[in-house]
Every structure is written in C-alpha cells, then in structure tokens.
$ cat model.txt   # compact mmCIF, C-alpha atoms
# COMPACT_ATOMS: atom_id res chain seq x y z
CA MET A 1 -36.26 -37.70 -2.19
CA ASP A 2 -34.19 -34.56 -2.69
CA LYS A 3 -30.85 -35.07 -0.91
CA ARG A 4 -29.89 -31.41 -1.22
CA THR A 5 -30.59 -30.31 2.33
CA LYS A 6 -27.29 -28.87 3.56
CA THR A 7 -26.17 -25.25 3.80
CA TYR A 8 -22.49 -24.45 3.25
CA PHE A 9 -20.53 -21.38 4.35
CA LEU A 10 -17.21 -20.17 2.91
CA SER A 11 -15.24 -16.98 3.45
CA ASP A 12 -11.87 -15.33 2.88
CA LEU A 13 -10.66 -17.22 -0.17
CA HIS A 14 -8.88 -14.11 -1.49
CA LEU A 15 -8.75 -15.50 -5.01
CA GLY A 16 -6.31 -13.57 -7.18
CA ALA A 17 -4.15 -12.33 -4.30
CA ALA A 18 -0.59 -11.72 -5.44
CA TYR A 19 0.89 -13.23 -2.28
CA LEU A 20 -0.63 -16.70 -2.86
CA ASN A 21 1.40 -19.35 -4.63
CA ARG A 22 0.03 -21.62 -7.37
CA PRO A 23 -3.16 -19.60 -7.96
CA HIS A 24 -4.55 -21.84 -10.71
CA ASP A 25 -4.04 -24.97 -8.62
CA ARG A 26 -5.83 -23.31 -5.73
CA GLU A 27 -8.71 -22.35 -7.97
CA ARG A 28 -8.96 -25.87 -9.39
CA MET A 29 -9.04 -27.25 -5.85
CA LEU A 30 -11.83 -24.85 -4.94
CA ALA A 31 -13.80 -25.83 -8.04
CA ARG A 32 -13.37 -29.48 -7.06
CA PHE A 33 -14.75 -28.70 -3.61
CA LEU A 34 -17.76 -26.90 -5.07
CA ASP A 35 -18.41 -29.78 -7.48
CA GLY A 36 -18.25 -32.11 -4.50
CA ILE A 37 -21.01 -30.38 -2.56
CA ALA A 38 -23.38 -30.25 -5.53
CA GLY A 39 -25.14 -33.45 -4.52
CA ASP A 40 -26.30 -32.32 -1.08
CA ALA A 41 -26.13 -28.50 -1.05
CA ALA A 42 -29.41 -26.61 -0.89
CA ARG A 43 -27.67 -23.27 -0.51
CA LEU A 44 -24.20 -21.76 -0.33
CA TYR A 45 -23.25 -18.63 1.60
CA LEU A 46 -20.08 -16.87 0.44
CA VAL A 47 -19.29 -14.71 3.44
CA GLY A 48 -17.01 -12.06 1.99
CA ASP A 49 -13.47 -11.60 0.68
CA ILE A 50 -14.00 -14.44 -1.73
CA LEU A 51 -12.02 -12.39 -4.25
CA ASP A 52 -9.00 -10.37 -3.23
CA TYR A 53 -10.14 -7.56 -5.52
CA TRP A 54 -13.18 -6.96 -7.68
CA PHE A 55 -14.53 -3.93 -9.46
CA GLU A 56 -17.29 -4.10 -12.05
CA TYR A 57 -17.33 -1.42 -14.69
CA ARG A 58 -20.52 -0.98 -16.66
CA THR A 59 -19.38 -3.21 -19.54
CA VAL A 60 -16.12 -4.71 -18.23
CA VAL A 61 -15.32 -7.14 -15.44
CA PRO A 62 -11.87 -8.20 -14.16
CA ARG A 63 -10.11 -11.12 -15.80
CA GLY A 64 -9.59 -14.43 -14.06
CA HIS A 65 -11.56 -16.70 -11.72
CA VAL A 66 -13.08 -18.58 -14.68
CA ARG A 67 -13.01 -22.03 -13.03
CA PHE A 68 -14.51 -20.67 -9.84
CA PHE A 69 -17.29 -18.81 -11.61
CA GLY A 70 -17.95 -21.88 -13.75
CA ALA A 71 -18.35 -24.03 -10.63
CA LEU A 72 -20.75 -21.46 -9.16
CA ALA A 73 -22.73 -21.42 -12.39
CA LYS A 74 -23.10 -25.20 -12.32
CA LEU A 75 -24.36 -25.07 -8.75
CA ALA A 76 -26.82 -22.30 -9.56
CA ASP A 77 -28.05 -24.13 -12.66
CA THR A 78 -28.92 -27.20 -10.57
CA GLY A 79 -31.01 -25.13 -8.19
CA VAL A 80 -28.54 -24.37 -5.39
CA GLU A 81 -29.24 -20.97 -3.85
CA ILE A 82 -26.06 -18.88 -3.71
CA ILE A 83 -25.83 -15.84 -1.46
CA TRP A 84 -22.71 -13.66 -1.59
CA LEU A 85 -22.11 -11.22 1.27
CA ILE A 86 -19.48 -8.78 0.14
CA GLY A 87 -16.43 -8.23 2.31
CA ASN A 88 -13.87 -5.47 2.51
CA HIS A 89 -11.94 -6.78 -0.52
CA ASP A 90 -14.74 -7.75 -2.93
CA ILE A 91 -16.76 -4.62 -2.19
CA TRP A 92 -17.55 -3.40 -5.66
CA MET A 93 -20.04 -5.99 -6.85
CA PHE A 94 -23.03 -4.62 -8.66
CA ASP A 95 -25.10 -6.67 -11.13
CA TYR A 96 -22.74 -8.91 -13.12
CA LEU A 97 -22.78 -11.98 -10.87
CA ARG A 98 -26.45 -11.49 -10.15
CA ASP A 99 -27.40 -11.39 -13.83
CA GLU A 100 -24.91 -13.92 -15.21
CA LEU A 101 -24.86 -16.54 -12.44
CA GLY A 102 -28.04 -15.91 -10.48
CA VAL A 103 -26.07 -15.09 -7.34
CA ARG A 104 -27.79 -12.96 -4.70
CA VAL A 105 -25.32 -10.24 -3.67
CA ILE A 106 -25.76 -8.54 -0.29
CA ASP A 107 -23.87 -5.58 1.13
CA GLY A 108 -24.37 -6.06 4.84
CA SER A 109 -25.44 -8.75 7.26
CA VAL A 110 -28.19 -11.36 7.06
CA GLU A 111 -30.57 -12.49 9.75
CA THR A 112 -32.40 -15.57 8.58
CA VAL A 113 -33.99 -18.84 9.63
CA ILE A 114 -32.62 -22.05 8.10
CA ASP A 115 -34.46 -25.26 8.90
CA GLY A 116 -35.84 -23.76 12.08
CA LYS A 117 -32.54 -22.35 13.36
CA ARG A 118 -31.87 -18.62 13.58
CA PHE A 119 -28.67 -17.38 11.96
CA PHE A 120 -26.86 -14.07 11.96
CA ILE A 121 -24.37 -14.06 9.06
CA SER A 122 -21.88 -11.30 8.31
CA HIS A 123 -18.42 -10.86 6.88
CA GLY A 124 -17.64 -9.11 10.15
CA ASP A 125 -15.50 -6.17 9.05
CA GLY A 126 -18.16 -3.64 10.04
CA LEU A 127 -19.03 -5.05 13.46
CA GLY A 128 -17.97 -3.64 16.79
CA LYS A 129 -15.78 -0.63 17.43
CA LEU A 130 -13.76 0.15 14.30
CA LYS A 131 -10.46 1.98 14.21
CA PRO A 132 -10.90 5.51 12.79
CA GLY A 133 -8.69 4.86 9.76
CA PHE A 134 -10.49 1.65 8.81
CA ARG A 135 -13.88 3.26 9.38
CA PHE A 136 -12.95 6.12 7.05
CA ILE A 137 -11.66 3.81 4.30
CA ARG A 138 -14.69 1.55 4.62
CA SER A 139 -17.11 4.45 4.24
CA MET A 140 -15.13 5.89 1.32
CA PHE A 141 -15.13 2.58 -0.54
CA ARG A 142 -18.93 2.38 -0.22
CA ASN A 143 -19.53 5.98 -1.23
CA ARG A 144 -21.30 6.18 -4.62
CA VAL A 145 -19.47 9.34 -5.67
CA CYS A 146 -16.09 7.78 -4.87
CA GLN A 147 -17.08 4.66 -6.79
CA LYS A 148 -17.98 6.70 -9.87
CA LEU A 149 -14.72 8.64 -9.69
CA TYR A 150 -12.76 5.42 -9.34
CA ALA A 151 -14.62 3.88 -12.29
CA ALA A 152 -13.51 6.82 -14.44
CA ILE A 153 -9.86 5.77 -14.07
CA HIS A 154 -8.62 3.26 -16.63
CA PRO A 155 -8.27 -0.30 -15.23
CA ARG A 156 -4.60 -0.44 -16.30
CA TRP A 157 -3.96 1.88 -13.34
CA THR A 158 -6.54 0.77 -10.80
CA VAL A 159 -6.12 -3.02 -10.93
CA GLY A 160 -2.39 -3.06 -10.32
CA PHE A 161 -2.71 -0.48 -7.58
CA ALA A 162 -5.48 -2.44 -5.85
CA TYR A 163 -3.56 -5.72 -5.80
CA SER A 164 -0.39 -4.00 -4.59
CA TRP A 165 -2.28 -2.29 -1.79
CA SER A 166 -3.93 -5.56 -0.81
CA SER A 167 -0.56 -7.30 -0.61
CA SER A 168 0.98 -4.53 1.48
CA ASN A 169 -1.94 -4.57 3.90
CA ARG A 170 -2.11 -8.37 4.10
CA ALA A 171 1.55 -9.20 4.56
CA TYR A 172 1.25 -12.85 5.48
CA ASP A 173 4.00 -14.45 7.48
CA PRO A 174 4.17 -18.04 6.13
CA GLY A 175 5.24 -19.34 9.52
CA ARG A 176 2.56 -17.69 11.61
CA GLN A 177 -1.18 -18.09 11.32
CA PRO A 178 -3.61 -15.54 12.73
CA VAL A 179 -4.55 -16.46 16.30
CA TYR A 180 -7.87 -15.95 18.07
CA GLY A 181 -6.81 -14.29 21.27
CA GLY A 182 -5.96 -11.02 22.95
CA GLU A 183 -7.52 -7.91 21.47
CA LEU A 184 -9.27 -9.79 18.66
CA LYS A 185 -11.00 -12.24 20.98
CA ALA A 186 -11.97 -9.50 23.40
CA ALA A 187 -13.48 -7.33 20.64
CA VAL A 188 -15.36 -10.13 18.89
CA GLY A 189 -16.52 -11.57 22.20
CA ALA A 190 -17.84 -8.23 23.43
CA TRP A 191 -19.81 -7.63 20.24
CA THR A 192 -21.13 -11.19 20.15
CA ARG A 193 -22.32 -11.15 23.76
CA GLY A 194 -24.04 -7.84 23.14
CA TYR A 195 -25.81 -9.17 20.07
CA VAL A 196 -26.99 -12.35 21.80
CA ALA A 197 -28.25 -10.31 24.76
CA THR A 198 -30.55 -8.36 22.43
CA HIS A 199 -31.33 -11.33 20.17
CA PRO A 200 -31.65 -14.26 22.59
CA GLU A 201 -33.42 -16.37 19.98
CA THR A 202 -30.22 -16.60 17.91
CA ASP A 203 -28.78 -20.07 17.41
CA TYR A 204 -25.70 -19.32 15.30
CA ILE A 205 -23.53 -16.29 14.56
CA VAL A 206 -21.41 -16.92 11.46
CA LEU A 207 -18.55 -14.54 10.65
CA GLY A 208 -15.58 -14.31 8.30
CA HIS A 209 -12.87 -11.64 8.01
CA HIS A 210 -10.59 -12.74 10.84
CA HIS A 211 -8.91 -15.76 9.16
CA VAL A 212 -9.25 -17.91 12.27
CA MET A 213 -11.35 -21.01 12.93
CA VAL A 214 -13.60 -20.58 15.95
CA ASP A 215 -16.56 -22.61 17.22
CA GLU A 216 -17.60 -21.65 20.72
CA ALA A 217 -20.64 -21.09 22.88
CA VAL A 218 -21.66 -17.47 23.44
CA GLY A 219 -24.35 -16.97 26.05
CA GLY A 220 -27.45 -19.09 26.31
CA HIS A 221 -27.59 -21.69 23.58
CA ALA A 222 -25.98 -19.63 20.78
CA ARG A 223 -22.71 -20.51 19.08
CA LEU A 224 -20.15 -18.30 17.39
CA VAL A 225 -18.55 -19.74 14.27
CA ILE A 226 -15.72 -17.87 12.53
CA LEU A 227 -15.09 -19.54 9.22
CA GLY A 228 -11.30 -19.38 8.93
CA ASP A 229 -10.00 -19.00 5.37
CA TRP A 230 -8.57 -20.78 2.34
CA ILE A 231 -5.05 -19.49 2.89
CA TYR A 232 -4.04 -21.34 6.04
CA ASN A 233 -7.07 -23.42 7.01
CA TYR A 234 -9.05 -24.41 3.88
CA SER A 235 -12.07 -24.38 6.13
CA TYR A 236 -15.81 -24.14 5.75
CA ALA A 237 -18.94 -24.70 7.78
CA VAL A 238 -21.85 -26.96 6.93
CA PHE A 239 -25.31 -26.99 8.47
CA ASP A 240 -27.18 -30.28 8.10
CA GLY A 241 -30.51 -29.02 9.41
CA GLU A 242 -29.69 -29.79 13.02
CA LYS A 243 -26.07 -28.86 13.69
CA LEU A 244 -23.52 -26.42 12.26
CA SER A 245 -20.06 -27.97 11.94
CA LEU A 246 -16.76 -26.24 11.18
CA GLU A 247 -14.61 -28.42 8.95
CA GLN A 248 -11.50 -28.41 6.75
CA TYR A 249 -11.16 -29.55 3.17
CA ALA A 250 -8.50 -32.16 3.81
CA ILE A 251 -7.33 -32.47 0.20
CA ALA A 252 -6.54 -28.78 -0.11
CA PHE A 253 -5.00 -28.60 3.35
CA SER A 254 -2.61 -31.45 2.61
CA GLU A 255 -1.58 -29.96 -0.74
CA PHE A 256 -0.98 -26.37 0.31
CA ASN A 257 -0.05 -26.66 3.98
CA ASP A 258 3.51 -25.50 3.39
CA PHE A 259 2.07 -21.95 3.55
CA SER A 260 4.71 -20.87 1.02
CA LEU A 261 4.25 -17.57 -0.74
CA LEU A 262 5.38 -16.68 -4.28
$ encode --input "model.txt" --output "structure tokens"
Amino acid sequence: MDKRTKTYFLSDLHLGAAYLNRPHDRERMLARFLDGIAGDAARLYLVGDILDYWFEYRTVVPRGHVRFFGALAKLADTGVEIIWLIGNHDIWMFDYLRDELGVRVIDGSVETVIDGKRFFISHGDGLGKLKPGFRFIRSMFRNRVCQKLYAAIHPRWTVGFAYSWSSSNRAYDPGRQPVYGGELKAAVGAWTRGYVATHPETDYIVLGHHHVMVDEAVGGHARLVILGDWIYNYSYAVFDGEKLSLEQYAIAFSEFNDFSLL
C-alpha cells in the first residue's frame, strides 16, 4: 500500500535573506525536513516567499539554494507533486524550476479539492484592500515590460539592490514576532468571511505572507490557516486526508529560537 497520502504546506522561508543568521545551517535543516516527509508526502505546496529574491534570466539563474533544490528534486523524482505559488519576494519565476525539477509554478491562488476537502490556497499578498503603494509595486513587478527592462540590467547591480531592499523592508526585530491582531486580523478576517460567504463549500483557506501562525474557524465549517514562517516559527501545515494541522518543526525551532540576526 502506498503510504504517501499526506499534503504538506510551507511558506515564507525567505531563503537567502541577508538578515538571517547561519544561512547554510538553515538550509540544511530545511533539506532534512523535506527528506523526512518523503515517505508519506503525496504533494507539497510551497505557498510563496520561499526565496527572499529570485529572478530568472533566459540562461542564468541566481546562485545558492543548492541543498534546498536538491531536496525538492529528490521529492519530485519519487513522485511527490510539488506546487509553488509565487509570493511577493519570489515573483520572477518562469520556466527553470518547472523544467529542471518538475515543479508546477503558479502566479495566483488555487482552488482545489484534496481528498474530498475544498481548499483555497494563496500566498495572500494580493487579497483584500491593498495600500496604494504596495498595489503599485505589485503591479509593476508583474508587468512584462518592466520585467524585460529589469532583465536587461546586469545581475551585478540588480541582485545586491534586491537583497538590500528586501532587508530594509523586512527589518526584523529579534525580540518581537509578528502578532495576529489589530489591523491585520481585522483585514484578513473581513476578506476571509467574505470569501466563505460566497464559497460556502470551502473547508480550508490556507495563506502565507503574514508570518503568523493561525488556525481558527471562519463561518460555517471552514477554517483559516496562516502558515507562519521559517524565521520565527519553523511551521508548516499537514493534511492527512481528514484534518489539516498546523505544526512546528521542533528540531529547527530549538536550534534557531534565539532569533538572532547577523
């Protein structure tokens, strides 16, 4: 009997981010986690911001992430379906991961049925009412003309700029984790209730982006699960065919829970 029946969900790893300490150790830990789910995983959803920055040129891809990509390749080679929903950091994925690893790359949200349960899966950065500045940047990043102009600049200039910008916009305070409350909870809750009202058959809404762990009921029988991250929480969700559980990878959490930066 095939024991690979579970579906795993990961988001917001931000691999390569300049503000994270011990990057190779973190990547090894992630590869160990992926190796560990190989025996029972039927599919893996990577729900955005897996990489802190990524831009594929026609014949060149960014350096790094070799252990992570190798672990993905091993999963794919054993028949695990891998679906990567791009986020607002790993936007510029085109055909490299699809052709080399067999990963299905999606720009947008997914509505799907898994073992009889209805899922809505999205990174979450494009949901709800967006601030004008973020909406403008998001549309510019996805504009084909802007992408071609950006690709014309030599990577020696673009890569350093991208990582610096990411660090300045994601200035983590090592003593304070993101909290699900206030404006964030109100905005996510309003969008979620609206979605469930128009899609009452939904069982699970799975989101990333917000770097908080949330598992709560939202109208009717639906549940909202926000996946957390691998910066503070080392969290993931797993669906066993009956129930979706939000969990933490205890080994990683115990090793990196000092939250120290560089």
$ residues_near_point --input "model.txt" --point "(-27.7, -15.3, -0.7)" --cutoff "9 Å" --atoms "all atoms listed in the file" --output "VMD selection string"
chain A and resid 43 to 46 81 to 85 103 to 106 110
$ write_last_selection --input "model.txt" --atoms "C-alpha atoms" --output "short mmCIF file (atom, residue, chain, number, x, y, z; two decimals), in the frame of the given file"
data_model
loop_
_atom_site.label_atom_id
_atom_site.label_comp_id
_atom_site.auth_asym_id
_atom_site.auth_seq_id
_atom_site.Cartn_x
_atom_site.Cartn_y
_atom_site.Cartn_z
CA ARG A 43 -27.67 -23.27 -0.51
CA LEU A 44 -24.20 -21.76 -0.33
CA TYR A 45 -23.25 -18.63 1.60
CA LEU A 46 -20.08 -16.87 0.44
CA GLU A 81 -29.24 -20.97 -3.85
CA ILE A 82 -26.06 -18.88 -3.71
CA ILE A 83 -25.83 -15.84 -1.46
CA TRP A 84 -22.71 -13.66 -1.59
CA LEU A 85 -22.11 -11.22 1.27
CA VAL A 103 -26.07 -15.09 -7.34
CA ARG A 104 -27.79 -12.96 -4.70
CA VAL A 105 -25.32 -10.24 -3.67
CA ILE A 106 -25.76 -8.54 -0.29
CA VAL A 110 -28.19 -11.36 7.06
#
$ closest_residue --input "model.txt" --among "A:Gly182, A:Asp12, A:Asn88, A:Leu75" --to "Gly39 of chain A" --atoms "all atoms listed in the file"
A:Leu75
$ atom_distance --input "model.txt" --atom1 "atom CA of Gly189 of chain A" --atom2 "atom CA of Asn233 of chain A"
21.5 Å
$ atom_distance --input "model.txt" --atom1 "atom CA of Arg193 of chain A" --atom2 "atom CA of Val218 of chain A"
6.4 Å
$ closest_residue --input "model.txt" --among "A:His89, A:His24, A:Arg118, A:Lys6" --to "Gly241 of chain A" --atoms "only C-alpha atoms"
A:Lys6
$ closest_residue --input "model.txt" --among "A:Glu255, A:Asp115, A:Asp40, A:Glu56" --to "Val80 of chain A" --atoms "all atoms listed in the file"
A:Asp40
$ residues_near_point --input "model.txt" --point "(-9.1, -19.6, -7.8)" --cutoff "12 Å" --atoms "all atoms listed in the file" --output "PyMOL selection string"
chain A and resi 12-18+20-34+50-52+63-72+230-231
$ closest_residue --input "model.txt" --among "A:Leu184, A:Val179, A:Ala250, A:Ala41" --to "Gly228 of chain A" --atoms "all atoms listed in the file"
A:Val179
$ atom_distance --input "model.txt" --atom1 "atom CA of Leu227 of chain A" --atom2 "atom CA of Ala42 of chain A"
18.9 Å
$ closest_residue --input "model.txt" --among "A:Glu100, A:Asp90, A:Glu242, A:Asp77" --to "Trp54 of chain A" --atoms "all atoms listed in the file"
A:Asp90
$ residues_around --input "model.txt" --residues "Gly219 of chain A" --least-positions-apart "5" --cutoff "12 Å" --atoms "all atoms listed in the file" --output "PyMOL selection string"
chain A and resi 189-205+224
$ residues_around --input "model.txt" --residues "Val225 of chain A" --least-positions-apart "4" --cutoff "8 Å" --atoms "all atoms listed in the file" --output "PDB file with C-alpha atoms, in the coordinates of the input"
ATOM      1  CA  TYR A 204     -25.700 -19.320  15.300  1.00  0.00           C
ATOM      2  CA  ILE A 205     -23.530 -16.290  14.560  1.00  0.00           C
ATOM      3  CA  VAL A 206     -21.410 -16.920  11.460  1.00  0.00           C
ATOM      4  CA  LEU A 207     -18.550 -14.540  10.650  1.00  0.00           C
ATOM      5  CA  MET A 213     -11.350 -21.010  12.930  1.00  0.00           C
ATOM      6  CA  VAL A 214     -13.600 -20.580  15.950  1.00  0.00           C
ATOM      7  CA  ASP A 215     -16.560 -22.610  17.220  1.00  0.00           C
ATOM      8  CA  GLU A 216     -17.600 -21.650  20.720  1.00  0.00           C
ATOM      9  CA  LEU A 246     -16.760 -26.240  11.180  1.00  0.00           C
TER      10      LEU A 246
END
$ closest_residue --input "model.txt" --among "A:Trp92, A:Arg4, A:Leu127, A:Arg58" --to "Gly79 of chain A" --atoms "all atoms listed in the file"
A:Arg4
$ residues_around --input "model.txt" --residues "Phe239 of chain A" --least-positions-apart "6" --cutoff "8 Å" --atoms "all atoms listed in the file" --output "NGL selection string"
:A and (6-8 or 245)
